[in-house]
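*Asks:* Coordinates in target27.pdb, PDB, C-alpha atoms, are listed below.
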ATOM      1  CA  MET A  77     -13.314 -17.132 -15.991
ATOM      2  CA  LEU A  78     -10.036 -16.783 -14.098
ATOM      3  CA  ASP A  79      -8.198 -18.114 -17.153
ATOM      4  CA  GLU A  80      -9.735 -15.344 -19.280
ATOM      5  CA  LEU A  81      -8.687 -12.684 -16.763
ATOM      6  CA  ALA A  82      -5.172 -14.153 -16.532
ATOM      7  CA  ALA A  83      -4.895 -14.198 -20.345
ATOM      8  CA  ALA A  84      -5.952 -10.544 -20.570
ATOM      9  CA  ILE A  85      -3.340  -9.611 -17.940
ATOM     10  CA  ASP A  86      -0.737 -11.699 -19.747
ATOM     11  CA  ARG A  87      -1.198  -9.719 -22.969
ATOM     12  CA  HIS A  88      -0.390  -6.401 -21.293
ATOM     13  CA  GLY A  89       1.599  -7.103 -18.079
ATOM     14  CA  ARG A  90       5.360  -6.645 -18.140
ATOM     15  CA  GLY A  91       6.747  -7.898 -14.829
ATOM     16  CA  MET A  92       6.220  -6.029 -11.591
ATOM     17  CA  TRP A  93       3.799  -3.114 -11.354
ATOM     18  CA  THR A  94       3.010  -2.341 -14.986
ATOM     19  CA  GLU A  95       1.282   1.035 -15.244
ATOM     20  CA  THR A  96      -1.500   1.085 -17.836
ATOM     21  CA  ALA A  97      -3.489   3.631 -19.823
ATOM     22  CA  VAL A  98      -6.587   2.743 -17.796
ATOM     23  CA  PRO A  99      -6.718   5.051 -14.748
ATOM     24  CA  ARG A 100      -5.911   3.307 -11.455
ATOM     25  CA  LEU A 101      -5.237  -0.064 -13.139
ATOM     26  CA  LEU A 102      -1.879  -1.786 -12.719
ATOM     27  CA  LEU A 103      -0.882  -5.277 -13.847
ATOM     28  CA  VAL A 104       1.591  -7.832 -12.513
ATOM     29  CA  ALA A 105       2.805 -10.711 -14.702
ATOM     30  CA  LEU A 106       5.720 -12.832 -13.474
ATOM     31  CA  ASP A 107       6.836 -16.095 -15.089
ATOM     32  CA  GLU A 108       9.981 -16.913 -13.117
ATOM     33  CA  PRO A 109      10.500 -17.253  -9.349
ATOM     34  CA  MET A 110      12.136 -14.273  -7.691
ATOM     35  CA  ASP A 111      13.503 -13.371  -4.277
ATOM     36  CA  PRO A 112      11.138 -11.721  -1.784
ATOM     37  CA  VAL A 113      10.817  -8.030  -2.601
ATOM     38  CA  ASP A 114      10.181  -5.097  -0.257
ATOM     39  CA  VAL A 115       7.473  -2.806  -1.612
ATOM     40  CA  GLN A 116       5.390   0.095  -0.382
ATOM     41  CA  TYR A 117       1.709  -0.737  -0.700
ATOM     42  CA  GLU A 118      -0.819   2.047  -1.033
ATOM     43  CA  PRO A 119      -4.596   1.682  -0.557
ATOM     44  CA  MET A 120      -5.495  -0.771  -3.310
ATOM     45  CA  ILE A 121      -7.104  -4.082  -4.179
ATOM     46  CA  CYS A 122      -5.093  -6.895  -5.757
ATOM     47  CA  PHE A 123      -7.107  -9.442  -7.763
ATOM     48  CA  ILE A 124      -5.222 -12.740  -8.168
ATOM     49  CA  ALA A 125      -5.917 -14.513 -11.461
ATOM     50  CA  GLY A 126      -3.020 -16.983 -11.419
ATOM     51  CA  GLY A 127      -0.205 -18.120  -9.147
ATOM     52  CA  ALA A 128      -0.007 -17.245  -5.459
ATOM     53  CA  LYS A 129       1.554 -14.470  -3.388
ATOM     54  CA  ARG A 130       2.464 -14.276   0.272
ATOM     55  CA  SER A 131       2.114 -10.810   1.775
ATOM     56  CA  VAL A 132       4.252 -10.180   4.879
ATOM     57  CA  VAL A 133       3.463  -7.172   7.084
ATOM     58  CA  GLY A 134       5.566  -6.935  10.226
ATOM     59  CA  ASP A 135       5.246 -10.266  12.009
ATOM     60  CA  ARG A 136       2.112 -11.289  10.110
ATOM     61  CA  SER A 137       1.744 -12.992   6.766
ATOM     62  CA  GLN A 138      -0.869 -14.605   4.570
ATOM     63  CA  VAL A 139      -1.003 -16.332   1.198
ATOM     64  CA  VAL A 140      -3.465 -15.133  -1.455
ATOM     65  CA  PRO A 141      -4.330 -17.878  -3.994
ATOM     66  CA  PRO A 142      -6.010 -17.599  -7.419
ATOM     67  CA  GLY A 143      -9.627 -16.489  -7.293
ATOM     68  CA  GLU A 144      -9.144 -14.304  -4.213
ATOM     69  CA  MET A 145      -8.633 -10.584  -3.759
ATOM     70  CA  LEU A 146      -6.471  -8.696  -1.290
ATOM     71  CA  LEU A 147      -7.691  -5.347   0.007
ATOM     72  CA  ASN A 148      -4.886  -3.180   1.357
ATOM     73  CA  THR A 149      -6.273  -0.218   3.305
ATOM     74  CA  LEU A 150      -3.083   1.587   4.388
ATOM     75  CA  ASP A 151       0.283   2.811   3.184
ATOM     76  CA  LEU A 152       2.254  -0.219   4.360
ATOM     77  CA  PRO A 153       5.807  -1.546   4.047
ATOM     78  CA  VAL A 154       5.203  -5.074   2.708
ATOM     79  CA  THR A 155       7.424  -7.974   1.734
ATOM     80  CA  ALA A 156       5.909  -9.729  -1.287
ATOM     81  CA  VAL A 157       6.813 -13.382  -1.766
ATOM     82  CA  PHE A 158       5.653 -14.925  -5.043
ATOM     83  CA  GLU A 159       5.132 -18.506  -3.947
ATOM     84  CA  LYS A 160       3.689 -19.872  -7.186
ATOM     85  CA  VAL A 161       4.391 -18.777 -10.763
ATOM     86  CA  PRO A 162       3.309 -17.933 -13.368
ATOM     87  CA  TYR A 163       1.698 -15.170 -11.360
ATOM     88  CA  ARG A 164      -0.959 -12.856 -12.785
ATOM     89  CA  SER A 165      -2.861 -10.113 -10.985
ATOM     90  CA  ALA A 166      -4.738  -6.901 -11.680
ATOM     91  CA  ILE A 167      -4.454  -4.084  -9.152
ATOM     92  CA  MET A 168      -6.945  -1.280  -8.557
ATOM     93  CA  ARG A 169      -5.646   1.801  -6.792
ATOM     94  CA  LEU A 170      -8.383   3.014  -4.477
ATOM     95  CA  ASP A 171      -9.624   6.556  -4.983
ATOM     96  CA  GLY A 172     -11.553   7.844  -1.978
ATOM     97  CA  ALA A 173     -13.416  10.461  -4.015
ATOM     98  CA  VAL A 174     -14.628   7.905  -6.575
ATOM     99  CA  LEU A 175     -15.748   5.521  -3.838
ATOM    100  CA  ALA A 176     -17.488   8.267  -1.838
ATOM    101  CA  GLU A 177     -19.365   9.455  -4.922
ATOM    102  CA  LEU A 178     -20.600   5.931  -5.602
ATOM    103  CA  LEU A 179     -21.671   5.463  -1.986
ATOM    104  CA  LEU A 180     -23.674   8.689  -2.107
ATOM    105  CA  GLU A 181     -25.358   7.539  -5.298
ATOM    106  CA  LEU A 182     -26.197   4.135  -3.826
ATOM    107  CA  ASP A 183     -27.485   5.553  -0.574
ATOM    108  CA  GLY A 184     -29.472   8.227  -2.384
ATOM    109  CA  ALA A 185     -31.120   5.542  -4.518
ATOM    110  CA  GLY A 186     -31.921   3.503  -1.420
ATOM    111  CA  LEU A 187     -29.718   0.633  -2.579
ATOM    112  CA  GLY A 188     -27.135   0.720   0.201
ATOM    113  CA  ALA A 189     -23.734  -0.893  -0.067
ATOM    114  CA  ALA A 190     -24.202  -3.727   2.397
ATOM    115  CA  GLY A 191     -26.411  -5.859   0.165
ATOM    116  CA  PRO A 192     -27.684  -9.321   0.941
ATOM    117  CA  ARG A 193     -24.636 -11.023  -0.486
ATOM    118  CA  ALA A 194     -22.411  -9.043   1.855
ATOM    119  CA  ALA A 195     -24.396  -9.612   5.027
ATOM    120  CA  GLY A 196     -26.639 -12.599   4.402
ATOM    121  CA  PRO A 197     -26.279 -16.017   6.023
ATOM    122  CA  GLY A 198     -23.477 -18.083   4.585
ATOM    123  CA  ALA A 199     -21.562 -15.097   3.191
ATOM    124  CA  PRO A 200     -17.845 -15.803   3.606
ATOM    125  CA  SER A 201     -16.076 -13.701   6.200
ATOM    126  CA  PRO A 202     -13.009 -11.890   4.934
ATOM    127  CA  ALA A 203      -9.692 -13.071   6.336
ATOM    128  CA  ALA A 204      -7.726 -10.177   7.811
ATOM    129  CA  VAL A 205      -4.031  -9.705   8.519
ATOM    130  CA  GLY A 206      -3.151  -6.221   9.685
ATOM    131  CA  GLY A 207      -4.400  -3.608   7.241
ATOM    132  CA  GLN A 208      -4.900  -6.326   4.627
ATOM    133  CA  ILE A 209      -8.068  -8.344   4.078
ATOM    134  CA  THR A 210      -8.741 -11.208   1.672
ATOM    135  CA  ALA A 211     -11.974 -12.593   0.263
ATOM    136  CA  PRO A 212     -13.075 -14.710  -2.726
ATOM    137  CA  MET A 213     -13.994 -13.028  -6.019
ATOM    138  CA  ALA A 214     -17.539 -13.592  -7.290
ATOM    139  CA  PRO A 215     -18.039 -14.524 -10.980
ATOM    140  CA  GLU A 216     -19.708 -11.166 -11.699
ATOM    141  CA  LEU A 217     -16.662  -9.355 -10.315
ATOM    142  CA  ILE A 218     -14.240 -11.445 -12.385
ATOM    143  CA  ASP A 219     -16.284 -10.659 -15.491
ATOM    144  CA  ALA A 220     -16.142  -6.907 -14.823
ATOM    145  CA  LEU A 221     -12.401  -7.052 -14.115
ATOM    146  CA  THR A 222     -11.758  -8.904 -17.361
ATOM    147  CA  ARG A 223     -13.660  -6.253 -19.338
ATOM    148  CA  TRP A 224     -11.698  -3.536 -17.499
ATOM    149  CA  VAL A 225      -8.335  -5.058 -18.448
ATOM    150  CA  ARG A 226      -9.481  -5.743 -22.019
ATOM    151  CA  LEU A 227     -10.026  -2.024 -22.545
ATOM    152  CA  LEU A 228      -6.259  -1.929 -23.127
ATOM    153  CA  GLU A 229      -6.905  -3.763 -26.414
ATOM    154  CA  THR A 230      -9.212  -0.991 -27.661
ATOM    155  CA  PRO A 231      -7.620   2.298 -26.503
ATOM    156  CA  ASP A 232     -10.411   4.415 -27.981
ATOM    157  CA  ASP A 233     -12.826   2.790 -25.526
ATOM    158  CA  ILE A 234     -10.826   3.696 -22.409
ATOM    159  CA  ARG A 235     -12.057   7.255 -21.981
ATOM    160  CA  PRO A 236     -15.807   6.560 -22.398
ATOM    161  CA  LEU A 237     -15.904   3.169 -20.641
ATOM    162  CA  ALA A 238     -13.125   2.877 -18.044
ATOM    163  CA  ALA A 239     -14.841   4.940 -15.340
ATOM    164  CA  ARG A 240     -18.123   3.100 -15.887
ATOM    165  CA  ILE A 241     -16.520  -0.323 -15.524
ATOM    166  CA  GLU A 242     -14.555   0.891 -12.499
ATOM    167  CA  SER A 243     -17.838   1.965 -10.871
ATOM    168  CA  GLU A 244     -19.309  -1.466 -11.607
ATOM    169  CA  ILE A 245     -16.299  -3.128  -9.992
ATOM    170  CA  LEU A 246     -16.589  -0.921  -6.907
ATOM    171  CA  TYR A 247     -20.338  -1.605  -6.731
ATOM    172  CA  ARG A 248     -19.717  -5.350  -6.746
ATOM    173  CA  LEU A 249     -16.970  -4.936  -4.141
ATOM    174  CA  LEU A 250     -19.313  -2.947  -1.902
ATOM    175  CA  ARG A 251     -21.808  -5.829  -2.099
ATOM    176  CA  SER A 252     -19.082  -8.401  -1.387
ATOM    177  CA  PRO A 253     -17.634  -9.395   2.011
ATOM    178  CA  LEU A 254     -15.260  -6.434   1.610
ATOM    179  CA  GLY A 255     -18.146  -3.951   1.506
ATOM    180  CA  PRO A 256     -18.229  -2.994   5.220
ATOM    181  CA  VAL A 257     -14.446  -2.490   5.233
ATOM    182  CA  LEU A 258     -14.572  -0.271   2.142
ATOM    183  CA  ARG A 259     -17.384   1.773   3.647
ATOM    184  CA  GLN A 260     -15.378   2.304   6.832
ATOM    185  CA  TRP A 261     -12.294   3.181   4.767
ATOM    186  CA  SER A 262     -14.221   5.909   2.942
ATOM    187  CA  LEU A 263     -15.420   7.663   6.106
ATOM    188  CA  THR A 264     -13.489  10.846   6.818
ATOM    189  CA  ASP A 265     -13.566  10.737  10.627
ATOM    190  CA  SER A 266     -13.456   7.058  11.531
ATOM    191  CA  ALA A 267     -10.747   5.260  13.478
ATOM    192  CA  ALA A 268      -9.741   3.556  10.235
ATOM    193  CA  SER A 269      -9.306   6.869   8.421
ATOM    194  CA  ARG A 270      -7.283   8.291  11.334
ATOM    195  CA  VAL A 271      -4.962   5.291  11.324
ATOM    196  CA  ARG A 272      -4.614   5.590   7.548
ATOM    197  CA  ALA A 273      -3.725   9.281   7.805
ATOM    198  CA  THR A 274      -1.310   8.580  10.664
ATOM    199  CA  ALA A 275       0.468   5.845   8.723
ATOM    200  CA  ALA A 276       0.848   8.214   5.771
ATOM    201  CA  TRP A 277       2.203  10.929   8.109
ATOM    202  CA  ILE A 278       4.771   8.551   9.617
ATOM    203  CA  PHE A 279       5.829   7.572   6.108
ATOM    204  CA  ALA A 280       6.421  11.247   5.296
ATOM    205  CA  HIS A 281       8.425  11.839   8.514
ATOM    206  CA  TYR A 282      10.066   8.477   9.272
ATOM    207  CA  THR A 283      13.633   9.837   9.108
ATOM    208  CA  GLU A 284      12.864  12.260  11.943
ATOM    209  CA  PRO A 285      12.957  11.473  15.683
ATOM    210  CA  LEU A 286       9.319  10.727  16.557
ATOM    211  CA  SER A 287       7.642  10.134  19.895
ATOM    212  CA  ILE A 288       4.435   8.272  20.544
ATOM    213  CA  ASP A 289       2.907  11.443  22.007
ATOM    214  CA  GLU A 290       3.670  13.377  18.809
ATOM    215  CA  ILE A 291       2.187  10.641  16.629
ATOM    216  CA  ALA A 292      -0.899  10.402  18.858
ATOM    217  CA  ALA A 293      -1.456  14.147  18.461
ATOM    218  CA  VAL A 294      -1.456  13.718  14.680
ATOM    219  CA  ALA A 295      -4.038  10.936  15.006
ATOM    220  CA  HIS A 296      -6.173  12.941  17.470
ATOM    221  CA  MET A 297      -6.123   9.922  19.792
ATOM    222  CA  SER A 298      -4.615   9.124  23.141
ATOM    223  CA  PRO A 299      -1.357   7.149  22.947
ATOM    224  CA  ALA A 300      -3.084   4.016  24.282
ATOM    225  CA  THR A 301      -5.987   4.287  21.826
ATOM    226  CA  LEU A 302      -3.645   4.942  18.923
ATOM    227  CA  HIS A 303      -1.472   1.972  19.871
ATOM    228  CA  ARG A 304      -4.508  -0.332  19.991
ATOM    229  CA  HIS A 305      -5.996   0.788  16.664
ATOM    230  CA  PHE A 306      -2.670   1.068  14.862
ATOM    231  CA  LYS A 307      -1.491  -2.383  15.906
ATOM    232  CA  ALA A 308      -4.844  -3.906  14.970
ATOM    233  CA  ALA A 309      -4.551  -2.340  11.512
ATOM    234  CA  THR A 310      -0.857  -2.908  10.773
ATOM    235  CA  GLY A 311       0.352  -5.619  13.136
ATOM    236  CA  MET A 312       2.903  -3.140  14.470
ATOM    237  CA  SER A 313       3.109  -0.306  16.945
ATOM    238  CA  PRO A 314       3.580   3.160  15.385
ATOM    239  CA  LEU A 315       7.264   3.265  16.360
ATOM    240  CA  LYS A 316       7.913  -0.237  15.027
ATOM    241  CA  PHE A 317       6.196   0.853  11.806
ATOM    242  CA  GLN A 318       8.671   3.748  11.618
ATOM    243  CA  LYS A 319      11.567   1.337  12.203
ATOM    244  CA  HIS A 320      10.437  -0.909   9.341
ATOM    245  CA  LEU A 321      10.279   2.093   7.005
ATOM    246  CA  ARG A 322      13.791   3.156   8.011
ATOM    247  CA  LEU A 323      15.292  -0.298   7.577
ATOM    248  CA  ARG A 324      13.578  -0.872   4.241
ATOM    249  CA  GLU A 325      14.906   2.412   2.825
ATOM    250  CA  ALA A 326      18.394   1.733   4.212
ATOM    251  CA  ARG A 327      18.342  -1.685   2.539
ATOM    252  CA  ARG A 328      17.298  -0.133  -0.769
ATOM    253  CA  ARG A 329      20.180   2.337  -0.568
ATOM    254  CA  LEU A 330      22.689  -0.403   0.261
ATOM    255  CA  VAL A 331      21.564  -2.630  -2.590
ATOM    256  CA  ALA A 332      21.781   0.293  -5.009
ATOM    257  CA  GLY A 333      25.436   0.661  -3.985
ATOM    258  CA  ASN A 334      27.716   3.708  -3.599
ATOM    259  CA  THR A 335      26.930   4.006   0.118
ATOM    260  CA  THR A 336      28.193   2.481   3.342
ATOM    261  CA  ALA A 337      26.109   1.017   6.144
ATOM    262  CA  ALA A 338      26.956   4.034   8.315
ATOM    263  CA  GLN A 339      25.869   6.460   5.582
ATOM    264  CA  ALA A 340      22.630   4.558   4.969
ATOM    265  CA  ALA A 341      21.881   4.508   8.691
ATOM    266  CA  GLU A 342      22.400   8.247   9.004
ATOM    267  CA  ALA A 343      20.287   8.954   5.895
ATOM    268  CA  VAL A 344      17.250   7.195   7.365
ATOM    269  CA  GLY A 345      17.540   8.796  10.792
ATOM    270  CA  TYR A 346      19.658   6.501  12.955
ATOM    271  CA  VAL A 347      22.095   8.226  15.320
ATOM    272  CA  SER A 348      23.723   4.976  16.465
ATOM    273  CA  ALA A 349      25.382   2.715  13.897
ATOM    274  CA  THR A 350      25.435  -0.069  16.478
ATOM    275  CA  GLN A 351      21.671   0.125  16.945
ATOM    276  CA  PHE A 352      21.184   0.201  13.177
ATOM    277  CA  ASN A 353      23.316  -2.905  12.650
ATOM    278  CA  ARG A 354      21.542  -4.752  15.459
ATOM    279  CA  GLU A 355      18.028  -3.912  14.239
ATOM    280  CA  TYR A 356      18.917  -4.568  10.591
ATOM    281  CA  ARG A 357      20.217  -8.037  11.412
ATOM    282  CA  SER A 358      17.183  -8.850  13.541
ATOM    283  CA  VAL A 359      14.884  -8.122  10.591
ATOM    284  CA  TYR A 360      16.898  -9.366   7.598
ATOM    285  CA  GLY A 361      19.036 -12.060   9.205
ATOM    286  CA  LEU A 362      22.436 -10.711   8.105
ATOM    287  CA  PRO A 363      24.575  -7.628   8.779
ATOM    288  CA  PRO A 364      23.819  -4.777   6.354
ATOM    289  CA  GLY A 365      26.869  -5.198   4.119
ATOM    290  CA  GLN A 366      26.505  -8.970   3.769
ATOM    291  CA  ASP A 367      22.784  -8.758   3.089
ATOM    292  CA  ALA A 368      23.246  -6.112   0.396
ATOM    293  CA  ALA A 369      26.028  -8.137  -1.274
ATOM    294  CA  ARG A 370      23.801 -11.233  -1.294
ATOM    295  CA  LEU A 371      20.904  -9.334  -2.862
ATOM    296  CA  ARG A 372      23.110  -7.758  -5.540
ATOM    297  CA  ALA A 373      24.549 -11.173  -6.405
ATOM    298  CA  SER A 374      21.082 -12.720  -6.706
ATOM    299  CA  VAL A 375      19.964  -9.935  -9.070
ATOM    300  CA  GLN A 376      23.035 -10.345 -11.270
ATOM    301  CA  SER A 377      22.866 -14.155 -11.424
TER     302      SER A 377
END
Could the structure of this file be written out as structure tokens, please?
*Replies:*
Amino acid sequence: MLDELAAAIDRHGRGMWTETAVPRLLLVALDEPMDPVDVQYEPMICFIAGGAKRSVVGDRSQVVPPGEMLLNTLDLPVTAVFEKVPYRSAIMRLDGAVLAELLLELDGAGLGAAGPRAAGPGAPSPAAVGGQITAPMAPELIDALTRWVRLLETPDDIRPLAARIESEILYRLLRSPLGPVLRQWSLTDSAASRVRATAAWIFAHYTEPLSIDEIAAVAHMSPATLHRHFKAATGMSPLKFQKHLRLREARRRLVAGNTTAAQAAEAVGYVSATQFNREYRSVYGLPPGQDAARLRASVQS
């Protein structure tokens, strides 16, 4: 079944993050090894059909092999390392409104989302790293995913069928080991939703000088409570999360060229070039200029 899903992805994927005509469906199809890449993950689920990817968040990392899915619950700065190619995956962007509507329908019908396969004895426990959780894909889920991707081969079927297949996929996810996490993610006033909103707020304001008290006020939590929940979800404190966002954007600017390390540092909010150079080297292993030159050379080779 995984081979069928990988083949469907292969017919329509064009490298990294291929947008498709099916709402909320993206495809990844890589045939050659590539250097680790810094990306901004949004709330989504990545279904691995072939190859393997290591996801690095702060000081934490985990490898997702074929036949497993990765649930990402936050806006996170992630380093993706494609450890085995050819790599094939389908990605579902999570839509809170779609998920909430399905939950209401399930609860109203008395079905519930935490079915026996999610909570029964012997059900595999999801492996969690920061705001990312992995679990195996059931055959029924793989079948639904394959039909979802194959809609790209019959464009006239996308409008009448895509939302129905997406609901089936979400239903099967809610009855999988990921179900309790997805339920918590959909709640509007849970600790998980507050951390998610706080992470998104930091992302929107990361170039500004931020204090832990200011961030805690956004989260409607005490600084200590925010620190505990935020670190459990992301593997980082809120201020370290901000630092990673700054350094990642500075690196992107340097690799693109036409800017100096001092200009990149100022653009992302640093007031001290010395601090910027020190923190950049501690994360990427080289001074800013040398690291950017190495990355440009690897892209051109």
*Asks:* Please return as a PDB file with C-alpha atoms, in the frame of the given file every residue within 7 Å of (-15.8, 6.7, 1.8), taking into account only C-alpha atoms and the file's own coordinates.
*Replies:*
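The resulting file, selection04.pdb, is shown below:
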ATOM      1  CA  GLY A 172     -11.553   7.844  -1.978  1.00  0.00           C
ATOM      2  CA  LEU A 175     -15.748   5.521  -3.838  1.00  0.00           C
ATOM      3  CA  ALA A 176     -17.488   8.267  -1.838  1.00  0.00           C
ATOM      4  CA  ARG A 259     -17.384   1.773   3.647  1.00  0.00           C
ATOM      5  CA  GLN A 260     -15.378   2.304   6.832  1.00  0.00           C
ATOM      6  CA  TRP A 261     -12.294   3.181   4.767  1.00  0.00           C
ATOM      7  CA  SER A 262     -14.221   5.909   2.942  1.00  0.00           C
ATOM      8  CA  LEU A 263     -15.420   7.663   6.106  1.00  0.00           C
ATOM      9  CA  THR A 264     -13.489  10.846   6.818  1.00  0.00           C
TER      10      THR A 264
END
*Asks:* Mind running segment 100-191 of chain A against segment 300-319 of chain A at 12 Å and telling me each contacting residue's nearest atom pair with the distance in Å (one decimal), counting all atoms listed in the file, chain and number ascending, as JSON lines?
*Replies:*
{"residue": "A:Tyr117", "atom": "CA", "partner": "A:Thr310", "partner_atom": "CA", "distance": 12.0}
{"residue": "A:Val132", "atom": "CA", "partner": "A:Gly311", "partner_atom": "CA", "distance": 10.2}
{"residue": "A:Val133", "atom": "CA", "partner": "A:Gly311", "partner_atom": "CA", "distance": 7.0}
{"residue": "A:Gly134", "atom": "CA", "partner": "A:Gly311", "partner_atom": "CA", "distance": 6.1}
{"residue": "A:Asp135", "atom": "CA", "partner": "A:Gly311", "partner_atom": "CA", "distance": 6.8}
{"residue": "A:Arg136", "atom": "CA", "partner": "A:Gly311", "partner_atom": "CA", "distance": 6.7}
{"residue": "A:Ser137", "atom": "CA", "partner": "A:Gly311", "partner_atom": "CA", "distance": 9.8}
{"residue": "A:Asn148", "atom": "CA", "partner": "A:Ala309", "partner_atom": "CA", "distance": 10.2}
{"residue": "A:Thr149", "atom": "CA", "partner": "A:Ala309", "partner_atom": "CA", "distance": 8.7}
{"residue": "A:Leu150", "atom": "CA", "partner": "A:Thr310", "partner_atom": "CA", "distance": 8.1}
{"residue": "A:Asp151", "atom": "CA", "partner": "A:Thr310", "partner_atom": "CA", "distance": 9.6}
{"residue": "A:Leu152", "atom": "CA", "partner": "A:Thr310", "partner_atom": "CA", "distance": 7.6}
{"residue": "A:Pro153", "atom": "CA", "partner": "A:Phe317", "partner_atom": "CA", "distance": 8.1}
{"residue": "A:Val154", "atom": "CA", "partner": "A:Thr310", "partner_atom": "CA", "distance": 10.3}
*Asks:* List every protein, DNA or RNA residue that has an atom no more than 6 Å from (3.2, -13.8, 2.5) in the file's coordinate frame, counting all atoms listed in the file, and report them as a compact mmCIF listing (two decimals) with C-alpha atoms, in the frame of the given file.
*Replies:*
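Generated output (out.txt):
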# COMPACT_ATOMS: atom_id res chain seq x y z
CA ARG A 130 2.46 -14.28 0.27
CA SER A 131 2.11 -10.81 1.78
CA VAL A 132 4.25 -10.18 4.88
CA SER A 137 1.74 -12.99 6.77
CA GLN A 138 -0.87 -14.60 4.57
CA VAL A 139 -1.00 -16.33 1.20
CA VAL A 157 6.81 -13.38 -1.77
*Asks:* Give me, please, the distance in Å between atom CA of Pro285 of chain A and atom CA of Val115 of chain A, quoted to one decimal.
*Replies:*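 We find that atom CA of Pro285 of chain A and atom CA of Val115 of chain A lie 23.1 Å from each other.
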*Asks:* Of the residues A:Ser298, A:Ser243, A:Ser269, A:Gln116, which is the one nearest to Val174 of chain A, using only C-alpha atoms?
*Replies:*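 Selected residue with least distance to Val174 of chain A: A:Ser243.
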*Asks:* Show me a table, sorted first by chain and then by increasing residue number, of the residues of segment 270-300 of chain A having an atom at most 12 Å from segment 203-227 of chain A, each with its shortest atom pair and the distance in Å to one decimal, counting all atoms listed in the file and written as a tab-separated table.
*Replies:*
residue	atom	partner	partner_atom	distance
A:Val271	CA	A:Gly207	CA	9.8
A:Arg272	CA	A:Gly207	CA	9.2
A:Ala275	CA	A:Gly207	CA	10.7
*Asks:* Atoms to include: C-alpha atoms. Write the selected residues as a CSV table (one decimal), keeping the file's coordinate frame.
*Replies:*
chain,number,residue,atom,x,y,z
A,271,VAL,CA,-5.0,5.3,11.3
A,272,ARG,CA,-4.6,5.6,7.5
A,275,ALA,CA,0.5,5.8,8.7
*Asks:* Suppose you want the space between atom CA of Leu103 of chain A and atom CA of Tyr282 of chain A; what is it in Å?
*Replies:*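 Separation between atom CA of Leu103 of chain A and atom CA of Tyr282 of chain A: 29.0 Å.
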*Asks:* So that I can see what lies close to segment 87-94 of chain A, please list as JSON, numbers by chain the residues with an atom at most 10 Å from it, counting only C-alpha atoms and leaving out residues fewer than 3 positions away in the same chain.
*Replies:* {"A": [82, 83, 84, 101, 102, 103, 104, 105, 106, 107, 108, 163, 164, 165, 166, 167, 225, 226, 228, 229]}
*Asks:* Draw an axis-aligned box over all listed atoms of segment 250-259 of chain A, pad each side with 4 Å, and write its centre and edge lengths in Å, one decimal, as JSON.
*Replies:*
{"center_x": -18.1, "center_y": -3.8, "center_z": 1.6, "size_x": 15.4, "size_y": 19.2, "size_z": 15.3}
*Asks:* Would you write out, as a list in words, every residue that the PyMOL selection byres ((chain A and resi 367) around 12) captures in this file?
*Replies:* Ala326, Arg327, Arg328, Arg329, Leu330, Val331, Ala337, Asn353, Tyr356, Arg357, Ser358, Val359, Tyr360, Gly361, Leu362, Pro363, Pro364, Gly365, Gln366, Ala368, Ala369, Arg370, Leu371, Arg372, Ala373 and Ser374 of chain A
*Asks:* Could you spell out the hits of the PyMOL selection byres ((chain A and resi 125) around 7) on the shown file, as a JSON list (two decimals) with C-alpha atoms, in the frame of the given file?
*Replies:*
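Written out: result23.json:
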[["chain", "number", "residue", "atom", "x", "y", "z"],
["A", 78, "LEU", "CA", -10.04, -16.78, -14.10],
["A", 81, "LEU", "CA", -8.69, -12.68, -16.76],
["A", 82, "ALA", "CA", -5.17, -14.15, -16.53],
["A", 123, "PHE", "CA", -7.11, -9.44, -7.76],
["A", 124, "ILE", "CA", -5.22, -12.74, -8.17],
["A", 126, "GLY", "CA", -3.02, -16.98, -11.42],
["A", 142, "PRO", "CA", -6.01, -17.60, -7.42],
["A", 143, "GLY", "CA", -9.63, -16.49, -7.29],
["A", 164, "ARG", "CA", -0.96, -12.86, -12.78],
["A", 165, "SER", "CA", -2.86, -10.11, -10.98]]
*Asks:* I'd like the neighbourhood of Leu246 of chain A as a ChimeraX atom specification, where a residue qualifies if any of its atoms comes within 9 Å (using all atoms listed in the file), though same-chain residues fewer than 5 positions away should be ignored.
*Replies:* /A:175,178,241,251
*Asks:* With all atoms listed in the file as the counted atoms, please give the residues lying no more than 7 Å from Ile288 of chain A, apart from itself and same-chain residues fewer than 3 positions off, as a PyMOL selection string.
*Replies:* chain A and resi 291-292+299
*Asks:* Determine, counting only C-alpha atoms, which protein, DNA and RNA residues have an atom within 9 Å of an atom of Glu342 of chain A; residues of the same chain fewer than 6 positions away are not included. Present the result as a PyMOL selection string.
*Replies:* chain A and resi 283+348-349
*Asks:* Considering only C-alpha atoms, can you say which of A:Ile234, A:Ala340, A:Ala267, A:Leu254 comes closest to Glu144 of chain A?
*Replies:* A:Leu254
